[in-house]
file data_32.cif (mmCIF, C-alpha atoms)
data_input
#
loop_
_atom_site.label_atom_id
_atom_site.label_comp_id
_atom_site.auth_asym_id
_atom_site.auth_seq_id
_atom_site.Cartn_x
_atom_site.Cartn_y
_atom_site.Cartn_z
CA MET A 184 7.10 6.58 31.38
CA MET A 185 8.77 4.91 28.40
CA VAL A 186 8.85 1.10 28.53
CA ASN A 187 11.54 1.11 25.81
CA LEU A 188 13.02 3.50 23.25
CA PHE A 189 10.35 2.70 20.65
CA SER A 190 7.35 3.15 22.97
CA VAL A 191 7.12 6.82 21.83
CA PHE A 192 5.93 5.47 18.46
CA ASP A 193 3.17 3.30 19.93
CA PRO A 194 -0.40 4.31 19.01
CA SER A 195 -1.44 4.66 22.67
CA THR A 196 -4.13 7.38 22.42
CA SER A 197 -7.50 5.65 22.39
CA MET A 198 -11.21 6.34 22.72
CA MET A 199 -13.69 3.57 23.52
CA ASN A 200 -10.83 1.02 23.07
CA MET A 201 -10.17 2.30 19.53
CA SER A 202 -6.83 3.85 18.60
CA ILE A 203 -7.41 7.41 17.37
CA ASN A 204 -3.77 8.23 16.57
CA TRP A 205 -4.23 6.85 13.04
CA ILE A 206 -6.64 9.72 12.31
CA SER A 207 -3.50 11.83 11.76
CA THR A 208 -3.10 9.94 8.45
CA MET A 209 -6.08 11.87 7.07
CA LEU A 210 -5.03 15.30 8.41
CA GLY A 211 -3.17 16.05 5.15
CA LEU A 212 -6.49 16.04 3.29
CA THR A 213 -7.62 19.08 5.31
CA ILE A 214 -4.64 21.09 3.98
CA ILE A 215 -5.08 20.41 0.24
CA PRO A 216 -8.67 21.58 -0.59
CA MET A 217 -8.19 25.13 0.79
CA SER A 218 -5.95 26.17 -2.11
CA PHE A 219 -8.63 25.23 -4.65
CA TRP A 220 -11.22 27.57 -3.09
CA MET A 221 -8.98 30.60 -2.69
CA ILE A 222 -7.48 33.13 -5.10
CA PRO A 223 -4.29 31.54 -6.54
CA SER A 224 -1.52 32.22 -4.06
CA ARG A 225 2.22 31.49 -3.96
CA HIS A 226 1.45 28.28 -2.07
CA TYR A 227 -0.95 27.18 -4.80
CA ILE A 228 1.48 28.08 -7.64
CA LEU A 229 4.38 26.28 -5.89
CA TRP A 230 2.29 23.15 -5.27
CA ASN A 231 1.02 23.20 -8.87
CA LYS A 232 4.58 23.48 -10.24
CA LEU A 233 5.69 20.57 -8.03
CA LEU A 234 2.82 18.36 -9.20
CA MET A 235 3.41 19.21 -12.87
CA ASN A 236 7.12 18.35 -12.60
CA LEU A 237 6.27 15.07 -10.87
CA TYR A 238 3.66 14.31 -13.53
CA LYS A 239 6.21 14.83 -16.34
CA GLU A 240 8.82 12.68 -14.59
CA PHE A 241 6.44 9.82 -13.80
CA LYS A 242 5.03 9.94 -17.32
CA MET A 243 8.56 9.64 -18.72
CA LEU A 244 9.32 6.66 -16.42
CA LEU A 245 6.08 4.90 -17.34
CA GLY A 246 6.53 5.47 -21.08
CA ASN A 247 4.08 6.67 -23.71
CA LYS A 248 1.95 3.53 -23.84
CA ASN A 249 -1.83 3.91 -23.98
CA ILE A 250 -2.26 1.52 -21.07
CA ASN A 251 -0.47 3.94 -18.74
CA LYS A 252 -2.78 6.91 -19.27
CA GLY A 253 -3.62 8.36 -15.87
CA SER A 254 -1.29 5.98 -14.01
CA SER A 255 1.07 8.81 -13.08
CA LEU A 256 -1.76 10.48 -11.12
CA ILE A 257 -1.86 7.45 -8.79
CA PHE A 258 1.82 7.87 -7.96
CA ILE A 259 1.46 11.65 -7.53
CA SER A 260 -1.34 10.98 -5.01
CA LEU A 261 0.88 8.41 -3.27
CA PHE A 262 3.74 10.94 -3.08
CA SER A 263 1.42 13.64 -1.68
CA MET A 264 -0.08 11.36 0.97
CA ILE A 265 3.29 10.08 2.24
CA MET A 266 4.84 13.57 2.22
CA PHE A 267 1.96 15.10 4.22
CA ASN A 268 2.15 12.26 6.77
CA ASN A 269 5.92 12.63 7.09
CA PHE A 270 5.66 16.39 7.60
CA LEU A 271 2.78 16.20 10.08
CA GLY A 272 4.81 13.73 12.14
CA LEU A 273 7.40 16.47 12.77
CA PHE A 274 4.86 18.51 14.75
CA PRO A 275 4.63 17.85 18.52
CA TYR A 276 1.96 15.41 19.70
CA ILE A 277 1.01 14.31 16.17
CA PHE A 278 1.33 10.59 15.51
CA THR A 279 3.67 9.61 12.63
CA SER A 280 1.76 6.85 10.85
CA THR A 281 4.53 6.35 8.24
CA SER A 282 6.93 5.20 10.96
CA HIS A 283 4.89 1.99 11.34
CA MET A 284 5.18 -1.06 9.11
CA THR A 285 1.38 -1.42 9.30
CA MET A 286 1.04 1.75 7.24
CA THR A 287 4.03 1.41 4.90
CA LEU A 288 3.38 -2.26 4.09
CA SER A 289 -0.30 -1.44 3.46
CA LEU A 290 0.87 0.97 0.76
CA ALA A 291 3.64 -1.16 -0.76
CA LEU A 292 2.09 -4.66 -0.76
CA PRO A 293 -1.17 -3.96 -2.70
CA LEU A 294 0.80 -1.99 -5.31
CA TRP A 295 3.34 -4.80 -5.79
CA ILE A 296 0.66 -7.53 -5.90
CA SER A 297 -1.36 -5.61 -8.51
CA PHE A 298 1.76 -5.07 -10.66
CA MET A 299 2.66 -8.76 -10.46
CA LEU A 300 -0.87 -9.95 -11.27
CA PHE A 301 -1.14 -7.57 -14.21
CA GLY A 302 2.32 -8.53 -15.53
CA TRP A 303 1.98 -12.30 -15.24
CA ILE A 304 -1.56 -12.37 -16.66
CA ASN A 305 -1.08 -9.94 -19.57
CA ASN A 306 2.68 -10.04 -20.31
CA THR A 307 3.82 -13.51 -19.25
CA GLN A 308 6.69 -13.76 -21.75
CA HIS A 309 7.95 -10.30 -20.80
CA MET A 310 7.93 -11.26 -17.09
CA PHE A 311 9.88 -14.47 -17.78
CA ALA A 312 12.41 -12.46 -19.82
CA HIS A 313 12.99 -10.19 -16.80
CA LEU A 314 14.15 -13.18 -14.74
CA VAL A 315 17.25 -13.59 -16.92
CA PRO A 316 19.19 -10.34 -17.61
CA GLN A 317 20.47 -9.87 -21.14
CA GLY A 318 23.97 -11.27 -21.76
CA THR A 319 23.87 -13.81 -18.88
CA PRO A 320 26.05 -16.90 -19.58
CA PRO A 321 23.94 -20.11 -19.92
CA ILE A 322 25.66 -21.74 -16.93
CA LEU A 323 24.59 -18.89 -14.64
CA MET A 324 20.98 -18.72 -15.83
CA PRO A 325 19.47 -20.97 -13.08
CA PHE A 326 21.21 -18.90 -10.38
CA MET A 327 20.12 -15.62 -11.98
CA VAL A 328 16.49 -16.81 -12.05
CA CYS A 329 16.69 -17.56 -8.29
CA ILE A 330 18.35 -14.21 -7.50
CA GLU A 331 15.92 -12.18 -9.65
CA THR A 332 12.92 -14.02 -8.16
CA ILE A 333 14.09 -13.33 -4.59
CA SER A 334 14.87 -9.68 -5.36
CA ASN A 335 11.40 -9.33 -6.90
CA MET A 336 9.71 -10.96 -3.88
CA ILE A 337 11.37 -8.67 -1.32
CA ARG A 338 10.50 -5.44 -3.16
CA PRO A 339 7.40 -4.55 -1.08
CA GLY A 340 9.36 -5.32 2.10
CA THR A 341 12.28 -3.08 1.12
CA LEU A 342 9.89 -0.25 0.15
CA ALA A 343 8.07 -0.49 3.48
CA VAL A 344 11.17 -0.92 5.67
CA ARG A 345 13.06 1.94 3.96
CA LEU A 346 10.27 4.43 4.65
CA ALA A 347 9.51 3.25 8.21
CA ALA A 348 13.20 3.01 9.22
CA ASN A 349 14.03 6.49 7.94
CA MET A 350 11.07 8.00 9.77
CA ILE A 351 11.85 6.17 13.03
CA ALA A 352 15.60 6.96 12.97
CA GLY A 353 15.23 10.76 12.87
CA HIS A 354 12.31 10.89 15.30
CA LEU A 355 14.12 8.62 17.75
CA LEU A 356 17.24 10.80 17.66
CA LEU A 357 15.16 13.94 18.26
CA THR A 358 13.35 12.24 21.17
CA LEU A 359 16.57 10.99 22.81
CA LEU A 360 18.25 14.39 22.55
CA GLY A 361 15.11 16.17 23.78
CA ASN A 362 14.92 13.98 26.89
CA THR A 363 18.40 15.11 28.00
CA GLY A 364 17.33 18.79 28.04
CA PRO A 365 16.17 19.13 31.70
CA SER A 366 19.51 17.87 33.07
CA LEU A 367 21.73 20.29 31.10
CA ASN A 368 23.09 23.75 31.98
CA TYR A 369 22.31 26.85 29.89
CA THR A 370 25.36 26.58 27.63
CA LEU A 371 24.73 22.94 26.72
CA LEU A 372 20.99 23.62 26.46
CA THR A 373 21.61 26.34 23.85
CA LEU A 374 23.81 23.92 21.92
CA LEU A 375 21.11 21.24 22.20
CA ILE A 376 18.42 23.59 20.83
CA ILE A 377 20.63 24.52 17.84
CA THR A 378 21.28 20.78 17.22
CA GLN A 379 17.55 20.01 17.45
CA ILE A 380 16.69 22.76 14.95
CA THR A 381 19.37 21.47 12.56
CA LEU A 382 18.04 17.91 12.88
CA LEU A 383 14.50 19.16 12.32
CA ILE A 384 15.57 20.83 9.05
CA LEU A 385 17.29 17.57 8.05
CA GLU A 386 14.14 15.61 8.92
CA SER A 387 12.08 17.97 6.73
CA ALA A 388 14.37 17.12 3.81
CA VAL A 389 14.14 13.39 4.64
CA ALA A 390 10.32 13.67 4.68
CA ILE A 391 10.30 14.91 1.07
CA ILE A 392 13.10 12.61 -0.16
CA GLN A 393 11.56 9.42 1.27
CA SER A 394 8.12 10.15 -0.18
CA TYR A 395 9.76 10.87 -3.55
CA VAL A 396 11.85 7.66 -3.41
CA PHE A 397 8.77 5.57 -2.52
CA ALA A 398 6.76 7.04 -5.42
CA VAL A 399 9.59 6.78 -7.97
CA LEU A 400 10.43 3.16 -7.08
CA SER A 401 6.73 2.24 -7.31
CA THR A 402 6.65 3.89 -10.75
CA LEU A 403 9.73 1.94 -11.89
CA TYR A 404 8.24 -1.35 -10.66
CA SER A 405 5.07 -0.51 -12.60
CA SER A 406 6.99 0.27 -15.80
CA GLU A 407 8.78 -3.11 -15.66
CA VAL A 408 5.58 -5.15 -16.03
CA ASN A 409 4.53 -3.51 -19.34
#
call {"tool": "encode", "arguments": {"input": "data_32.cif", "output": "structure tokens"}}
result
Amino acid sequence: MMVNLFSVFDPSTSMMNMSINWISTMLGLTIIPMSFWMIPSRHYILWNKLLMNLYKEFKMLLGNKNINKGSSLIFISLFSMIMFNNFLGLFPYIFTSTSHMTMTLSLALPLWISFMLFGWINNTQHMFAHLVPQGTPPILMPFMVCIETISNMIRPGTLAVRLAANMIAGHLLLTLLGNTGPSLNYTLLTLLIITQITLLILESAVAIIQSYVFAVLSTLYSSEVN
């Protein structure tokens, strides 16, 4: 029985007082290696094309500086991990780890802290220049410094909340609609099934879009500190 609407997202499955729902985070890793040991298939070619396009885009966002060599691979890995978790969460009885702030903040906060440490230690003048946008009137400069500082501080929070909220919203709607099924007649039940399938397709799109947004924003935050 649900205690509240969000109890469906609670990691309640446990073994020896340890939550085992978080193991679903690593399930995506079992899908990837298979394509590398098989004869190249359509799945492999499609995945390779996707990764190459992401690599080119992230490389363009990061710039052609020597310090960024290989950095785009980090963000491609981040995109892949989040996308696999989002997709696996659409299957029945699989825990959606990306719907929890514990997971999303664990991804966003270390990235942001490392960018800030690198920027302030190696490019201090550049970081100070970012606090005052070009063309700001002198009288507004103190206010702009405050606004830019606050907007910079809340970046990991906005990254984490955006991903978690989008995952929870769709799953919650699917759960609420699914719970009304037993009390409906055949006509309404058919309509409900069609609605659920449509929402599931929409959630599949959201799963890709949110992982892409998370990776791209992380890349942009990284490019600002160089």
call {"tool": "resolve_selection", "arguments": {"input": "data_32.cif", "expression": "the PyMOL selection byres ((chain A and resi 403) around 12)", "output": "list of chain:residue names"}}
result
A:Glu240, A:Phe241, A:Lys242, A:Met243, A:Leu244, A:Leu245, A:Gly246, A:Ser254, A:Ser255, A:Phe258, A:Leu294, A:Trp295, A:Phe298, A:Arg338, A:Val396, A:Phe397, A:Ala398, A:Val399, A:Leu400, A:Ser401, A:Thr402, A:Tyr404, A:Ser405, A:Ser406, A:Glu407, A:Val408, A:Asn409
call {"tool": "resolve_selection", "arguments": {"input": "data_32.cif", "expression": "the PyMOL selection byres ((chain A and resi 323-337) around 12)", "output": "PyMOL selection string"}}
result
chain A and resi 288+291-292+295-296+298-299+310-322+338-345+404+407-408
call {"tool": "resolve_selection", "arguments": {"input": "data_32.cif", "expression": "the PyMOL selection byres ((chain A and resi 389) around 12)", "output": "number ranges by chain"}}
result
A: 265-266, 269-270, 272-273, 345-354, 382-388, 390-397
call {"tool": "atom_distance", "arguments": {"input": "data_32.cif", "atom1": "CA of Leu233 (chain A)", "atom2": "CA of Met209 (chain A)"}}
result
21.0 Å
call {"tool": "closest_residue", "arguments": {"input": "data_32.cif", "among": "A:Gln379, A:Ser263, A:Tyr227, A:Leu367", "to": "Leu355 (chain A)", "atoms": "only C-alpha atoms"}}
result
A:Gln379
call {"tool": "atom_distance", "arguments": {"input": "data_32.cif", "atom1": "CA of Asn268 (chain A)", "atom2": "CA of Trp205 (chain A)"}}
result
10.5 Å
call {"tool": "atom_distance", "arguments": {"input": "data_32.cif", "atom1": "CA of Thr279 (chain A)", "atom2": "CA of Ser207 (chain A)"}}
result
7.6 Å
call {"tool": "closest_residue", "arguments": {"input": "data_32.cif", "among": "A:Ile228, A:Leu371, A:Ile376, A:Leu210", "to": "Met264 (chain A)", "atoms": "all atoms listed in the file"}}
result
A:Leu210
call {"tool": "closest_residue", "arguments": {"input": "data_32.cif", "among": "A:Gln308, A:Ser260, A:Asn236, A:Thr208", "to": "Met286 (chain A)", "atoms": "all atoms listed in the file"}}
result
A:Thr208
call {"tool": "build_atoms", "arguments": {"input": "data_32.cif", "residues": "region 240-269 of chain A", "atoms": "N, CA and C atoms", "output": "PDB file, keeping the file's coordinate frame"}}
result
ATOM      1  N   GLU A 240       7.802  13.692 -14.882  1.00  0.00           N
ATOM      2  CA  GLU A 240       8.820  12.680 -14.590  1.00  0.00           C
ATOM      3  C   GLU A 240       8.228  11.281 -14.557  1.00  0.00           C
ATOM      4  N   PHE A 241       7.080  11.133 -13.884  1.00  0.00           N
ATOM      5  CA  PHE A 241       6.440   9.820 -13.800  1.00  0.00           C
ATOM      6  C   PHE A 241       5.951   9.350 -15.164  1.00  0.00           C
ATOM      7  N   LYS A 242       5.481  10.290 -15.974  1.00  0.00           N
ATOM      8  CA  LYS A 242       5.030   9.940 -17.320  1.00  0.00           C
ATOM      9  C   LYS A 242       6.190   9.442 -18.163  1.00  0.00           C
ATOM     10  N   MET A 243       7.369  10.067 -17.989  1.00  0.00           N
ATOM     11  CA  MET A 243       8.560   9.640 -18.720  1.00  0.00           C
ATOM     12  C   MET A 243       8.999   8.243 -18.271  1.00  0.00           C
ATOM     13  N   LEU A 244       8.920   7.973 -16.952  1.00  0.00           N
ATOM     14  CA  LEU A 244       9.320   6.660 -16.420  1.00  0.00           C
ATOM     15  C   LEU A 244       8.365   5.568 -16.878  1.00  0.00           C
ATOM     16  N   LEU A 245       7.076   5.902 -16.951  1.00  0.00           N
ATOM     17  CA  LEU A 245       6.080   4.900 -17.340  1.00  0.00           C
ATOM     18  C   LEU A 245       6.063   4.644 -18.842  1.00  0.00           C
ATOM     19  N   GLY A 246       6.544   5.614 -19.630  1.00  0.00           N
ATOM     20  CA  GLY A 246       6.530   5.470 -21.080  1.00  0.00           C
ATOM     21  C   GLY A 246       5.273   6.059 -21.679  1.00  0.00           C
ATOM     22  N   ASN A 247       5.205   6.061 -22.993  1.00  0.00           N
ATOM     23  CA  ASN A 247       4.080   6.670 -23.710  1.00  0.00           C
ATOM     24  C   ASN A 247       3.057   5.637 -24.190  1.00  0.00           C
ATOM     25  N   LYS A 248       2.900   4.564 -23.430  1.00  0.00           N
ATOM     26  CA  LYS A 248       1.950   3.530 -23.840  1.00  0.00           C
ATOM     27  C   LYS A 248       0.534   3.934 -23.428  1.00  0.00           C
ATOM     28  N   ASN A 249      -0.433   3.539 -24.244  1.00  0.00           N
ATOM     29  CA  ASN A 249      -1.830   3.910 -23.980  1.00  0.00           C
ATOM     30  C   ASN A 249      -2.337   3.348 -22.663  1.00  0.00           C
ATOM     31  N   ILE A 250      -1.778   2.193 -22.272  1.00  0.00           N
ATOM     32  CA  ILE A 250      -2.260   1.520 -21.070  1.00  0.00           C
ATOM     33  C   ILE A 250      -1.923   2.295 -19.802  1.00  0.00           C
ATOM     34  N   ASN A 251      -0.924   3.209 -19.917  1.00  0.00           N
ATOM     35  CA  ASN A 251      -0.470   3.940 -18.740  1.00  0.00           C
ATOM     36  C   ASN A 251      -1.126   5.310 -18.576  1.00  0.00           C
ATOM     37  N   LYS A 252      -2.130   5.613 -19.382  1.00  0.00           N
ATOM     38  CA  LYS A 252      -2.780   6.910 -19.270  1.00  0.00           C
ATOM     39  C   LYS A 252      -3.438   7.059 -17.901  1.00  0.00           C
ATOM     40  N   GLY A 253      -3.052   8.115 -17.201  1.00  0.00           N
ATOM     41  CA  GLY A 253      -3.620   8.360 -15.870  1.00  0.00           C
ATOM     42  C   GLY A 253      -2.908   7.654 -14.745  1.00  0.00           C
ATOM     43  N   SER A 254      -1.995   6.722 -15.060  1.00  0.00           N
ATOM     44  CA  SER A 254      -1.290   5.980 -14.010  1.00  0.00           C
ATOM     45  C   SER A 254      -0.406   6.883 -13.166  1.00  0.00           C
ATOM     46  N   SER A 255       0.170   7.909 -13.811  1.00  0.00           N
ATOM     47  CA  SER A 255       1.070   8.810 -13.080  1.00  0.00           C
ATOM     48  C   SER A 255       0.338   9.558 -11.972  1.00  0.00           C
ATOM     49  N   LEU A 256      -0.979   9.783 -12.143  1.00  0.00           N
ATOM     50  CA  LEU A 256      -1.760  10.480 -11.120  1.00  0.00           C
ATOM     51  C   LEU A 256      -1.851   9.660  -9.828  1.00  0.00           C
ATOM     52  N   ILE A 257      -1.834   8.324  -9.967  1.00  0.00           N
ATOM     53  CA  ILE A 257      -1.860   7.450  -8.790  1.00  0.00           C
ATOM     54  C   ILE A 257      -0.596   7.655  -7.968  1.00  0.00           C
ATOM     55  N   PHE A 258       0.543   7.729  -8.662  1.00  0.00           N
ATOM     56  CA  PHE A 258       1.820   7.870  -7.960  1.00  0.00           C
ATOM     57  C   PHE A 258       2.024   9.281  -7.410  1.00  0.00           C
ATOM     58  N   ILE A 259       1.432  10.290  -8.064  1.00  0.00           N
ATOM     59  CA  ILE A 259       1.460  11.650  -7.530  1.00  0.00           C
ATOM     60  C   ILE A 259       0.649  11.707  -6.233  1.00  0.00           C
ATOM     61  N   SER A 260      -0.505  11.039  -6.219  1.00  0.00           N
ATOM     62  CA  SER A 260      -1.340  10.980  -5.010  1.00  0.00           C
ATOM     63  C   SER A 260      -0.606  10.253  -3.890  1.00  0.00           C
ATOM     64  N   LEU A 261       0.094   9.179  -4.244  1.00  0.00           N
ATOM     65  CA  LEU A 261       0.880   8.410  -3.270  1.00  0.00           C
ATOM     66  C   LEU A 261       1.978   9.283  -2.669  1.00  0.00           C
ATOM     67  N   PHE A 262       2.682  10.019  -3.528  1.00  0.00           N
ATOM     68  CA  PHE A 262       3.740  10.940  -3.080  1.00  0.00           C
ATOM     69  C   PHE A 262       3.172  11.986  -2.116  1.00  0.00           C
ATOM     70  N   SER A 263       2.030  12.588  -2.497  1.00  0.00           N
ATOM     71  CA  SER A 263       1.420  13.640  -1.680  1.00  0.00           C
ATOM     72  C   SER A 263       1.012  13.115  -0.312  1.00  0.00           C
ATOM     73  N   MET A 264       0.401  11.947  -0.286  1.00  0.00           N
ATOM     74  CA  MET A 264      -0.080  11.360   0.970  1.00  0.00           C
ATOM     75  C   MET A 264       1.080  11.069   1.917  1.00  0.00           C
ATOM     76  N   ILE A 265       2.137  10.424   1.397  1.00  0.00           N
ATOM     77  CA  ILE A 265       3.290  10.080   2.240  1.00  0.00           C
ATOM     78  C   ILE A 265       3.995  11.339   2.728  1.00  0.00           C
ATOM     79  N   MET A 266       4.151  12.341   1.836  1.00  0.00           N
ATOM     80  CA  MET A 266       4.840  13.570   2.220  1.00  0.00           C
ATOM     81  C   MET A 266       4.084  14.315   3.314  1.00  0.00           C
ATOM     82  N   PHE A 267       2.753  14.415   3.194  1.00  0.00           N
ATOM     83  CA  PHE A 267       1.960  15.100   4.220  1.00  0.00           C
ATOM     84  C   PHE A 267       2.066  14.361   5.567  1.00  0.00           C
ATOM     85  N   ASN A 268       2.033  13.032   5.530  1.00  0.00           N
ATOM     86  CA  ASN A 268       2.150  12.260   6.770  1.00  0.00           C
ATOM     87  C   ASN A 268       3.527  12.435   7.413  1.00  0.00           C
ATOM     88  N   ASN A 269       4.571  12.440   6.572  1.00  0.00           N
ATOM     89  CA  ASN A 269       5.920  12.630   7.090  1.00  0.00           C
ATOM     90  C   ASN A 269       6.088  14.001   7.737  1.00  0.00           C
TER      91      ASN A 269
END
